[in-house]
$ cat final-v8.cif   # mmCIF, C-alpha atoms
data_coords
#
loop_
_atom_site.label_atom_id
_atom_site.label_comp_id
_atom_site.auth_asym_id
_atom_site.auth_seq_id
_atom_site.Cartn_x
_atom_site.Cartn_y
_atom_site.Cartn_z
CA MET A 830 137.46 42.65 118.20
CA SER A 831 139.02 43.18 114.79
CA ILE A 832 135.61 42.72 113.15
CA ASN A 833 134.17 45.64 115.11
CA GLN A 834 137.16 47.93 114.75
CA PRO A 835 136.36 49.40 111.29
CA ALA A 836 132.87 50.42 112.49
CA ALA A 837 134.25 52.00 115.65
CA GLN A 838 136.76 54.26 113.89
CA PRO A 839 134.20 56.55 112.15
CA LEU A 840 132.25 56.86 115.40
CA ASP A 841 135.40 57.86 117.25
CA GLY A 842 135.90 60.76 114.82
CA LEU A 843 132.40 62.26 114.93
CA THR A 844 133.38 65.07 117.31
CA ASP A 845 136.40 65.95 115.17
CA MET A 846 134.20 66.01 112.08
CA ALA A 847 131.81 68.44 113.76
CA VAL A 848 134.71 70.68 114.81
CA PHE A 849 136.11 70.60 111.26
CA ALA A 850 132.72 71.67 109.88
CA ARG A 851 132.55 74.52 112.40
CA VAL A 852 136.04 75.74 111.38
CA VAL A 853 134.93 75.93 107.74
CA GLU A 854 131.68 77.72 108.60
CA ALA A 855 133.41 80.17 110.97
CA GLY A 856 136.23 80.88 108.51
CA GLY A 857 139.10 79.98 110.83
CA PHE A 858 140.31 78.27 114.00
CA SER A 859 140.03 81.30 116.28
CA ALA A 860 136.44 82.10 115.29
CA ALA A 861 135.46 78.44 115.64
CA ALA A 862 137.13 78.27 119.06
CA ARG A 863 135.14 81.31 120.25
CA GLN A 864 131.89 79.73 119.13
CA LEU A 865 132.77 76.39 120.74
CA GLY A 866 134.07 77.90 123.97
CA THR A 867 137.56 76.42 123.63
CA THR A 868 141.03 77.45 122.42
CA PRO A 869 142.32 77.72 118.84
CA SER A 870 145.08 75.21 119.63
CA ALA A 871 142.52 72.64 120.83
CA VAL A 872 140.47 73.13 117.65
CA SER A 873 143.61 72.82 115.52
CA ARG A 874 144.55 69.55 117.25
CA GLN A 875 141.11 68.08 116.58
CA VAL A 876 141.26 68.96 112.88
CA ALA A 877 144.82 67.60 112.66
CA ARG A 878 143.65 64.38 114.35
CA LEU A 879 140.88 64.02 111.77
CA GLU A 880 143.34 64.63 108.93
CA GLY A 881 145.62 61.99 110.41
CA ALA A 882 142.82 59.47 110.68
CA LEU A 883 141.71 60.12 107.10
CA ARG A 884 145.30 60.40 105.79
CA VAL A 885 144.45 63.48 103.73
CA ARG A 886 144.94 67.20 104.18
CA LEU A 887 141.57 68.93 104.59
CA LEU A 888 142.64 72.56 105.08
CA GLU A 889 145.39 74.80 103.75
CA ARG A 890 146.36 77.02 106.68
CA THR A 891 147.69 80.58 106.48
CA THR A 892 148.22 83.16 109.19
CA ARG A 893 144.93 84.89 108.33
CA LYS A 894 142.50 82.24 107.10
CA VAL A 895 141.99 78.64 106.08
CA ARG A 896 141.10 77.25 102.67
CA LEU A 897 139.56 73.90 101.82
CA THR A 898 141.58 71.43 99.80
CA GLU A 899 139.84 69.32 97.17
CA ALA A 900 139.53 66.48 99.69
CA GLY A 901 138.40 68.97 102.32
CA THR A 902 135.59 70.23 100.11
CA ALA A 903 134.28 66.70 99.65
CA ALA A 904 134.61 65.94 103.36
CA TYR A 905 132.97 69.19 104.47
CA GLY A 906 129.68 68.45 102.71
CA ARG A 907 129.44 65.09 104.45
CA CYS A 908 130.50 66.45 107.84
CA GLN A 909 127.91 69.22 107.51
CA ALA A 910 125.25 66.56 106.83
CA LEU A 911 126.35 64.67 109.96
CA VAL A 912 125.99 67.80 112.08
CA ALA A 913 122.53 68.47 110.63
CA ALA A 914 121.53 64.88 111.36
CA ALA A 915 122.75 65.22 114.95
CA ARG A 916 120.66 68.37 115.39
CA GLU A 917 117.64 66.47 114.12
CA VAL A 918 118.22 63.73 116.70
CA TRP A 919 118.41 66.26 119.54
CA ALA A 920 115.30 68.00 118.26
CA LEU A 921 113.26 64.79 118.18
CA CYS A 922 112.06 64.90 121.77
CA ASP A 923 111.18 68.60 121.49
CA THR A 924 109.39 67.98 118.21
CA HIS A 925 107.13 65.34 119.68
CA THR A 926 106.23 67.15 122.89
CA GLY A 927 102.93 68.99 123.00
CA ALA A 928 104.33 72.03 124.81
CA PRO A 929 106.64 74.28 122.76
CA SER A 930 109.21 76.04 124.93
CA GLY A 931 112.49 77.92 124.67
CA LEU A 932 113.85 80.79 122.60
CA VAL A 933 113.17 81.32 118.89
CA ARG A 934 115.50 83.79 117.11
CA MET A 935 114.35 85.27 113.80
CA SER A 936 115.86 87.74 111.35
CA VAL A 937 113.47 90.11 109.55
CA PRO A 938 113.86 93.16 107.26
CA LYS A 939 113.24 96.47 109.01
CA ALA A 940 109.92 97.48 107.47
CA VAL A 941 108.38 94.01 107.53
CA GLY A 942 109.64 93.44 111.05
CA ARG A 943 108.17 96.63 112.47
CA GLN A 944 104.87 96.72 110.60
CA VAL A 945 104.01 93.07 109.96
CA VAL A 946 105.95 90.61 112.15
CA HIS A 947 106.01 92.61 115.41
CA PRO A 948 102.20 92.56 115.82
CA LEU A 949 102.26 88.79 115.24
CA VAL A 950 104.85 88.36 118.01
CA LEU A 951 102.49 89.91 120.53
CA SER A 952 99.68 87.48 119.81
CA PHE A 953 102.12 84.52 119.65
CA LEU A 954 103.60 85.28 123.08
CA ALA A 955 100.11 85.37 124.55
CA GLN A 956 99.30 82.00 123.00
CA TYR A 957 102.61 80.29 123.93
CA PRO A 958 103.71 81.49 127.37
CA ALA A 959 106.69 79.06 127.47
CA VAL A 960 108.24 80.38 124.23
CA ASP A 961 110.38 83.52 123.96
CA VAL A 962 110.99 85.36 120.67
CA GLN A 963 114.00 87.46 119.67
CA LEU A 964 113.70 89.53 116.49
CA VAL A 965 116.91 90.55 114.75
CA VAL A 966 115.65 93.48 112.68
CA THR A 967 118.08 94.17 109.85
CA ASP A 968 118.08 94.52 106.07
CA ARG A 969 121.42 92.72 105.72
CA VAL A 970 121.57 89.03 104.79
CA VAL A 971 122.32 87.09 107.96
CA ASP A 972 124.13 83.75 108.20
CA LEU A 973 121.68 81.55 110.09
CA TRP A 974 124.29 78.95 111.05
CA GLU A 975 127.00 81.36 112.20
CA GLU A 976 124.70 83.75 114.06
CA GLY A 977 122.51 81.15 115.70
CA ILE A 978 119.31 82.28 113.97
CA ASP A 979 116.48 79.76 113.81
CA LEU A 980 114.74 81.27 110.78
CA ALA A 981 114.67 84.38 108.61
CA LEU A 982 112.08 86.23 106.59
CA ARG A 983 113.66 87.37 103.35
CA ILE A 984 112.33 88.88 100.12
CA THR A 985 114.04 86.92 97.38
CA ASP A 986 113.41 85.21 94.06
CA ALA A 987 114.29 81.80 95.50
CA PRO A 988 115.70 80.39 98.73
CA PRO A 989 119.51 80.23 98.74
CA PRO A 990 121.27 76.85 98.59
CA GLY A 991 121.52 75.07 101.92
CA LEU A 992 118.31 76.46 103.39
CA ALA A 993 114.74 75.22 103.36
CA GLY A 994 112.20 77.77 102.22
CA ARG A 995 108.48 78.42 102.33
CA PRO A 996 106.88 81.27 100.34
CA VAL A 997 104.42 83.11 102.57
CA ALA A 998 103.46 86.39 100.89
CA THR A 999 103.97 88.67 97.91
CA VAL A 1000 105.33 92.12 98.66
CA ARG A 1001 104.57 94.88 96.14
CA HIS A 1002 105.60 98.53 96.18
CA ARG A 1003 103.03 101.20 95.39
CA ILE A 1004 103.47 104.79 94.26
CA CYS A 1005 101.26 107.00 96.44
CA ALA A 1006 100.49 110.64 97.12
CA SER A 1007 97.95 112.64 99.06
CA PRO A 1008 94.91 114.06 97.24
CA ALA A 1009 96.08 117.56 98.26
CA TYR A 1010 99.48 117.10 96.61
CA LEU A 1011 97.91 115.76 93.41
CA ALA A 1012 95.37 118.59 93.35
CA ALA A 1013 98.20 121.11 93.53
CA HIS A 1014 100.68 119.42 91.17
CA GLY A 1015 98.61 117.18 88.89
CA HIS A 1016 98.32 113.43 88.37
CA PRO A 1017 101.16 111.72 86.48
CA GLY A 1018 99.79 109.89 83.46
CA HIS A 1019 103.01 108.01 82.64
CA PRO A 1020 106.10 107.04 84.68
CA ARG A 1021 108.20 109.63 82.80
CA ASP A 1022 105.97 112.37 84.30
CA LEU A 1023 107.40 111.55 87.73
CA ALA A 1024 110.59 113.40 86.76
CA GLU A 1025 108.59 116.63 87.10
CA HIS A 1026 107.33 115.81 90.60
CA ALA A 1027 108.78 115.81 94.11
CA CYS A 1028 109.36 112.14 94.89
CA ILE A 1029 110.05 110.57 98.28
CA TYR A 1030 112.40 107.63 97.84
CA LEU A 1031 114.52 105.21 99.84
CA GLY A 1032 118.01 106.57 99.15
CA GLU A 1033 120.06 103.58 100.36
CA ASP A 1034 122.10 103.78 97.16
CA GLU A 1035 122.02 105.54 93.80
CA ARG A 1036 119.79 102.87 92.23
CA ASP A 1037 116.94 103.85 94.53
CA ARG A 1038 116.52 107.07 92.51
CA HIS A 1039 115.85 105.07 89.35
CA TRP A 1040 112.24 103.87 89.56
CA ARG A 1041 111.42 101.01 87.21
CA PHE A 1042 107.93 100.22 85.92
CA VAL A 1043 106.31 97.44 83.91
CA ARG A 1044 102.91 97.36 82.22
CA GLY A 1045 102.40 94.30 80.07
CA PRO A 1046 105.16 94.41 77.43
CA GLU A 1047 106.00 98.04 78.24
CA THR A 1048 108.85 99.04 80.53
CA ALA A 1049 109.89 102.46 81.75
CA THR A 1050 112.64 103.82 84.01
CA VAL A 1051 112.65 107.33 85.41
CA THR A 1052 115.20 109.14 87.57
CA VAL A 1053 113.32 110.82 90.40
CA HIS A 1054 114.24 113.66 92.73
CA GLY A 1055 112.73 115.30 95.76
CA ARG A 1056 113.46 117.27 98.89
CA TYR A 1057 113.00 114.39 101.32
CA VAL A 1058 114.74 111.00 101.27
CA ALA A 1059 114.29 108.37 104.02
CA ASN A 1060 115.31 104.73 104.34
CA HIS A 1061 112.31 103.82 106.49
CA SER A 1062 108.91 103.21 104.94
CA GLU A 1063 106.93 104.67 107.87
CA LEU A 1064 108.82 107.96 107.50
CA ARG A 1065 108.08 108.05 103.78
CA LEU A 1066 104.43 107.34 104.56
CA GLU A 1067 104.26 110.28 106.99
CA ALA A 1068 105.96 112.52 104.44
CA ALA A 1069 103.39 111.58 101.79
CA LEU A 1070 100.57 112.21 104.25
CA ALA A 1071 102.14 115.64 104.88
CA HIS A 1072 101.78 116.41 101.13
CA LEU A 1073 105.57 116.48 100.52
CA GLY A 1074 105.42 114.46 97.32
CA ILE A 1075 104.89 111.09 95.67
CA ALA A 1076 106.27 108.19 97.72
CA SER A 1077 107.38 104.65 96.98
CA LEU A 1078 105.88 102.47 99.72
CA PRO A 1079 105.48 98.75 100.44
CA GLY A 1080 101.84 97.81 99.98
CA PHE A 1081 101.47 96.78 103.62
CA THR A 1082 102.72 100.23 104.71
CA ALA A 1083 100.34 102.12 102.45
CA GLN A 1084 97.32 99.85 102.89
CA ALA A 1085 95.48 101.70 105.68
CA ALA A 1086 96.07 105.16 104.18
CA LEU A 1087 94.90 103.98 100.75
CA HIS A 1088 91.80 102.38 102.27
CA SER A 1089 90.89 105.55 104.18
CA GLY A 1090 91.52 107.82 101.19
CA ALA A 1091 94.35 109.70 102.94
CA LEU A 1092 96.58 108.54 100.07
CA VAL A 1093 95.81 107.79 96.43
CA GLU A 1094 97.71 105.28 94.33
CA VAL A 1095 99.54 106.88 91.41
CA LEU A 1096 99.96 104.98 88.13
CA PRO A 1097 97.97 101.98 89.44
CA ASP A 1098 98.11 100.17 86.10
CA TRP A 1099 101.92 100.07 86.23
CA GLU A 1100 103.89 97.65 88.43
CA HIS A 1101 106.71 99.34 90.34
CA ARG A 1102 109.73 97.01 90.33
CA THR A 1103 112.29 97.29 93.13
CA SER A 1104 114.76 94.94 94.82
CA TYR A 1105 112.60 95.27 97.94
CA ALA A 1106 109.54 93.77 96.25
CA GLY A 1107 108.86 90.14 95.41
CA THR A 1108 108.15 86.94 97.30
CA ALA A 1109 108.63 86.87 101.06
CA TRP A 1110 110.16 83.52 102.08
CA LEU A 1111 110.53 81.94 105.48
CA LEU A 1112 114.01 80.39 105.48
CA TYR A 1113 115.40 77.90 107.99
CA PRO A 1114 117.99 75.11 108.18
CA PRO A 1115 116.79 72.04 106.27
CA ASN A 1116 116.00 69.82 109.26
CA ARG A 1117 113.16 67.39 108.74
CA PHE A 1118 112.36 67.58 112.45
CA LEU A 1119 111.87 71.19 113.49
CA ALA A 1120 111.72 71.96 117.20
CA ALA A 1121 108.19 72.36 118.50
CA LYS A 1122 108.84 76.01 119.38
CA THR A 1123 110.04 76.76 115.83
CA ARG A 1124 107.20 74.89 114.17
CA ALA A 1125 104.63 76.70 116.33
CA TRP A 1126 106.16 80.08 115.43
CA ILE A 1127 106.25 79.21 111.72
CA ASP A 1128 102.60 78.12 111.74
CA HIS A 1129 101.64 81.34 113.53
CA LEU A 1130 103.59 83.44 111.01
CA VAL A 1131 102.12 81.69 107.99
CA GLN A 1132 98.59 82.24 109.28
CA GLY A 1133 99.28 85.91 110.02
CA LEU A 1134 101.17 86.64 106.82
CA ALA A 1135 98.36 85.13 104.76
CA GLN A 1136 96.44 88.30 105.67
CA LEU A 1137 99.24 90.52 104.35
CA LYS A 1138 97.95 92.88 101.67
CA SER A 1139 100.37 94.43 99.23
#
$ encode --input "final-v8.cif" --output "structure tokens"
Amino acid sequence: MSINQPAAQPLDGLTDMAVFARVVEAGGFSAAARQLGTTPSAVSRQVARLEGALRVRLLERTTRKVRLTEAGTAAYGRCQALVAAAREVWALCDTHTGAPSGLVRMSVPKAVGRQVVHPLVLSFLAQYPAVDVQLVVTDRVVDLWEEGIDLALRITDAPPPGLAGRPVATVRHRICASPAYLAAHGHPGHPRDLAEHACIYLGEDERDRHWRFVRGPETATVTVHGRYVANHSELRLEAALAHLGIASLPGFTAQAALHSGALVEVLPDWEHRTSYAGTAWLLYPPNRFLAAKTRAWIDHLVQGLAQLKS
């Protein structure tokens, strides 16, 4: 009996370790209790029991929040790995079944969600009748763990720590105007000429008025102005088609209008740099064994996004 006892003790504390990890991720006992469907006092007792078993203090508690101790920081990383491993075990049977089923929740930026991902959802639902999809359309950075999101599409230079990532497309922004507007007001020959034109820009913050350009070793920044500002790319597209000015548009938004000749690209030899342009990554928790429903959705997205033109 005494030989087996040391091995049994870590197993007895697995639930407490998972609860401790949830407290850290949620930022406190009350938030963790809400997510776990229990009471803050029950969560506190489980963490205290783990601290007693380990004989170290893992959290510094205040009335408003908790803070990891040095020992708690070391323990949290290992507890988080245990939780991830447990999720992989539960996902095993789903991974190896040939029939994906269940709900997939995905976060996407507004423009990409409406114009690129939404059409792919329709074809996916037709192909996989046992899978449901929920899109969380937002430009804010979501916490996949805390908000129960299976995967996110994010335009970023690199995937953040703690998430697996797969680059799926390059998103560029193009400067466009209607032929009628350019006939009336002239074609800019250099980015600085945009200061003399009516420009249609995003307007989320002051930086959106400062358009940055690169051409080889050359760089240029111009402060633009105009009578219409809109934080949705489809609205800026319609404004450009209505001859209101020169618009900054994601390539996938402008593609059809450029192809038909309804819009003309302005300064095509310059690259327009914005924080909304770059590599589009699919991000998801780093589980080696993804659920069949998630893997099917990812494969469908990758195939569809490969056709994305920017």
$ closest_residue --input "final-v8.cif" --among "A:Ala847, A:Ala855, A:Ala1120, A:Ala860" --to "Tyr905 of chain A" --atoms "only C-alpha atoms"
A:Ala847
$ residues_around --input "final-v8.cif" --residues "Ala1027 of chain A" --least-positions-apart "3" --cutoff "10 Å" --atoms "all atoms listed in the file" --output "list in words"
Tyr1010, His1014, Leu1023, Ala1024, Tyr1030, Val1053, His1054, Gly1055, Arg1056, Tyr1057, His1072, Leu1073, Gly1074, Ile1075 and Ala1076 of chain A
$ atom_distance --input "final-v8.cif" --atom1 "atom CA of Gly977 of chain A" --atom2 "atom CA of Ala1125 of chain A"
18.4 Å
$ resolve_selection --input "final-v8.cif" --expression "the PyMOL selection byres ((chain A and resi 950) around 12)" --output "mmCIF file with C-alpha atoms, in the coordinates of the input"
data_model
loop_
_atom_site.group_PDB
_atom_site.id
_atom_site.type_symbol
_atom_site.label_atom_id
_atom_site.label_comp_id
_atom_site.auth_asym_id
_atom_site.auth_seq_id
_atom_site.Cartn_x
_atom_site.Cartn_y
_atom_site.Cartn_z
ATOM 1 C CA VAL A 933 113.170 81.320 118.890
ATOM 2 C CA ARG A 934 115.500 83.790 117.110
ATOM 3 C CA MET A 935 114.350 85.270 113.800
ATOM 4 C CA GLY A 942 109.640 93.440 111.050
ATOM 5 C CA ARG A 943 108.170 96.630 112.470
ATOM 6 C CA GLN A 944 104.870 96.720 110.600
ATOM 7 C CA VAL A 945 104.010 93.070 109.960
ATOM 8 C CA VAL A 946 105.950 90.610 112.150
ATOM 9 C CA HIS A 947 106.010 92.610 115.410
ATOM 10 C CA PRO A 948 102.200 92.560 115.820
ATOM 11 C CA LEU A 949 102.260 88.790 115.240
ATOM 12 C CA LEU A 951 102.490 89.910 120.530
ATOM 13 C CA SER A 952 99.680 87.480 119.810
ATOM 14 C CA PHE A 953 102.120 84.520 119.650
ATOM 15 C CA LEU A 954 103.600 85.280 123.080
ATOM 16 C CA ALA A 955 100.110 85.370 124.550
ATOM 17 C CA GLN A 956 99.300 82.000 123.000
ATOM 18 C CA TYR A 957 102.610 80.290 123.930
ATOM 19 C CA PRO A 958 103.710 81.490 127.370
ATOM 20 C CA VAL A 960 108.240 80.380 124.230
ATOM 21 C CA ASP A 961 110.380 83.520 123.960
ATOM 22 C CA VAL A 962 110.990 85.360 120.670
ATOM 23 C CA GLN A 963 114.000 87.460 119.670
ATOM 24 C CA LEU A 964 113.700 89.530 116.490
ATOM 25 C CA ALA A 1125 104.630 76.700 116.330
ATOM 26 C CA TRP A 1126 106.160 80.080 115.430
ATOM 27 C CA ILE A 1127 106.250 79.210 111.720
ATOM 28 C CA HIS A 1129 101.640 81.340 113.530
ATOM 29 C CA LEU A 1130 103.590 83.440 111.010
ATOM 30 C CA GLY A 1133 99.280 85.910 110.020
ATOM 31 C CA LEU A 1134 101.170 86.640 106.820
#
$ resolve_selection --input "final-v8.cif" --expression "the PyMOL selection byres ((chain A and resi 901-903) around 10)" --output "MDAnalysis selection string"
chainID A and resid 849:850 853 880 885:889 896:900 904:908
$ closest_residue --input "final-v8.cif" --among "A:Pro1046, A:His1026, A:Ser1007, A:Leu1031" --to "Ala1069 of chain A" --atoms "all atoms listed in the file"
A:Ser1007
$ resolve_selection --input "final-v8.cif" --expression "the PyMOL selection byres ((chain A and resi 1087-1092) around 7)" --output "number ranges by chain"
A: 1005-1008, 1070, 1083-1086, 1093-1094
$ build_atoms --input "final-v8.cif" --residues "segment 1078-1089 of chain A" --atoms "all heavy atoms" --output "PDB file, in the frame of the given file"
ATOM      1  N   LEU A1078     106.178 103.106  98.446  1.00  0.00           N
ATOM      2  CA  LEU A1078     105.880 102.470  99.720  1.00  0.00           C
ATOM      3  C   LEU A1078     105.548 100.991  99.531  1.00  0.00           C
ATOM      4  O   LEU A1078     104.876 100.622  98.560  1.00  0.00           O
ATOM      5  CB  LEU A1078     104.674 103.146 100.387  1.00  0.00           C
ATOM      6  CG  LEU A1078     104.799 104.623 100.743  1.00  0.00           C
ATOM      7  CD1 LEU A1078     103.443 105.176 101.144  1.00  0.00           C
ATOM      8  CD2 LEU A1078     105.816 104.810 101.870  1.00  0.00           C
ATOM      9  N   PRO A1079     105.988 100.129 100.465  1.00  0.00           N
ATOM     10  CA  PRO A1079     105.480  98.750 100.440  1.00  0.00           C
ATOM     11  C   PRO A1079     103.961  98.762 100.586  1.00  0.00           C
ATOM     12  O   PRO A1079     103.411  99.614 101.298  1.00  0.00           O
ATOM     13  CB  PRO A1079     106.141  98.102 101.658  1.00  0.00           C
ATOM     14  CG  PRO A1079     107.295  98.982 102.013  1.00  0.00           C
ATOM     15  CD  PRO A1079     106.917 100.369 101.587  1.00  0.00           C
ATOM     16  N   GLY A1080     103.292  97.834  99.927  1.00  0.00           N
ATOM     17  CA  GLY A1080     101.840  97.810  99.980  1.00  0.00           C
ATOM     18  C   GLY A1080     101.298  97.719 101.390  1.00  0.00           C
ATOM     19  O   GLY A1080     100.294  98.360 101.723  1.00  0.00           O
ATOM     20  N   PHE A1081     101.979  96.926 102.263  1.00  0.00           N
ATOM     21  CA  PHE A1081     101.470  96.780 103.620  1.00  0.00           C
ATOM     22  C   PHE A1081     101.610  98.071 104.421  1.00  0.00           C
ATOM     23  O   PHE A1081     100.864  98.315 105.360  1.00  0.00           O
ATOM     24  CB  PHE A1081     102.150  95.611 104.349  1.00  0.00           C
ATOM     25  CG  PHE A1081     103.664  95.681 104.393  1.00  0.00           C
ATOM     26  CD1 PHE A1081     104.321  96.467 105.315  1.00  0.00           C
ATOM     27  CD2 PHE A1081     104.422  94.930 103.500  1.00  0.00           C
ATOM     28  CE1 PHE A1081     105.709  96.530 105.353  1.00  0.00           C
ATOM     29  CE2 PHE A1081     105.810  94.979 103.529  1.00  0.00           C
ATOM     30  CZ  PHE A1081     106.449  95.787 104.457  1.00  0.00           C
ATOM     31  N   THR A1082     102.565  98.933 104.044  1.00  0.00           N
ATOM     32  CA  THR A1082     102.720 100.230 104.710  1.00  0.00           C
ATOM     33  C   THR A1082     101.624 101.196 104.273  1.00  0.00           C
ATOM     34  O   THR A1082     101.082 101.957 105.084  1.00  0.00           O
ATOM     35  CB  THR A1082     104.092 100.833 104.395  1.00  0.00           C
ATOM     36  OG1 THR A1082     105.117  99.940 104.836  1.00  0.00           O
ATOM     37  CG2 THR A1082     104.287 102.182 105.079  1.00  0.00           C
ATOM     38  N   ALA A1083     101.303 101.169 103.000  1.00  0.00           N
ATOM     39  CA  ALA A1083     100.340 102.120 102.450  1.00  0.00           C
ATOM     40  C   ALA A1083      98.893 101.689 102.602  1.00  0.00           C
ATOM     41  O   ALA A1083      97.973 102.500 102.420  1.00  0.00           O
ATOM     42  CB  ALA A1083     100.645 102.340 100.965  1.00  0.00           C
ATOM     43  N   GLN A1084      98.658 100.431 102.954  1.00  0.00           N
ATOM     44  CA  GLN A1084      97.320  99.850 102.890  1.00  0.00           C
ATOM     45  C   GLN A1084      96.256 100.669 103.621  1.00  0.00           C
ATOM     46  O   GLN A1084      95.209 101.012 103.055  1.00  0.00           O
ATOM     47  CB  GLN A1084      97.359  98.435 103.459  1.00  0.00           C
ATOM     48  CG  GLN A1084      95.995  97.744 103.482  1.00  0.00           C
ATOM     49  CD  GLN A1084      96.058  96.403 104.190  1.00  0.00           C
ATOM     50  OE1 GLN A1084      97.122  95.946 104.583  1.00  0.00           O
ATOM     51  NE2 GLN A1084      94.915  95.776 104.362  1.00  0.00           N
ATOM     52  N   ALA A1085      96.495 101.002 104.884  1.00  0.00           N
ATOM     53  CA  ALA A1085      95.480 101.700 105.680  1.00  0.00           C
ATOM     54  C   ALA A1085      95.196 103.088 105.110  1.00  0.00           C
ATOM     55  O   ALA A1085      94.030 103.516 105.032  1.00  0.00           O
ATOM     56  CB  ALA A1085      95.927 101.795 107.134  1.00  0.00           C
ATOM     57  N   ALA A1086      96.250 103.805 104.715  1.00  0.00           N
ATOM     58  CA  ALA A1086      96.070 105.160 104.180  1.00  0.00           C
ATOM     59  C   ALA A1086      95.345 105.123 102.840  1.00  0.00           C
ATOM     60  O   ALA A1086      94.520 106.004 102.546  1.00  0.00           O
ATOM     61  CB  ALA A1086      97.430 105.848 104.035  1.00  0.00           C
ATOM     62  N   LEU A1087      95.610 104.108 102.022  1.00  0.00           N
ATOM     63  CA  LEU A1087      94.900 103.980 100.750  1.00  0.00           C
ATOM     64  C   LEU A1087      93.425 103.644 101.004  1.00  0.00           C
ATOM     65  O   LEU A1087      92.541 104.167 100.328  1.00  0.00           O
ATOM     66  CB  LEU A1087      95.547 102.896  99.897  1.00  0.00           C
ATOM     67  CG  LEU A1087      96.918 103.224  99.302  1.00  0.00           C
ATOM     68  CD1 LEU A1087      97.535 101.984  98.654  1.00  0.00           C
ATOM     69  CD2 LEU A1087      96.820 104.349  98.283  1.00  0.00           C
ATOM     70  N   HIS A1088      93.182 102.784 101.965  1.00  0.00           N
ATOM     71  CA  HIS A1088      91.800 102.380 102.270  1.00  0.00           C
ATOM     72  C   HIS A1088      90.983 103.566 102.786  1.00  0.00           C
ATOM     73  O   HIS A1088      89.793 103.715 102.446  1.00  0.00           O
ATOM     74  CB  HIS A1088      91.798 101.246 103.290  1.00  0.00           C
ATOM     75  CG  HIS A1088      90.433 100.734 103.623  1.00  0.00           C
ATOM     76  ND1 HIS A1088      89.695  99.952 102.757  1.00  0.00           N
ATOM     77  CD2 HIS A1088      89.659 100.900 104.733  1.00  0.00           C
ATOM     78  CE1 HIS A1088      88.537  99.664 103.300  1.00  0.00           C
ATOM     79  NE2 HIS A1088      88.479 100.216 104.504  1.00  0.00           N
ATOM     80  N   SER A1089      91.611 104.418 103.599  1.00  0.00           N
ATOM     81  CA  SER A1089      90.890 105.550 104.180  1.00  0.00           C
ATOM     82  C   SER A1089      90.753 106.719 103.213  1.00  0.00           C
ATOM     83  O   SER A1089      89.954 107.635 103.437  1.00  0.00           O
ATOM     84  CB  SER A1089      91.605 106.034 105.440  1.00  0.00           C
ATOM     85  OG  SER A1089      92.856 106.640 105.115  1.00  0.00           O
TER      86      SER A1089
END
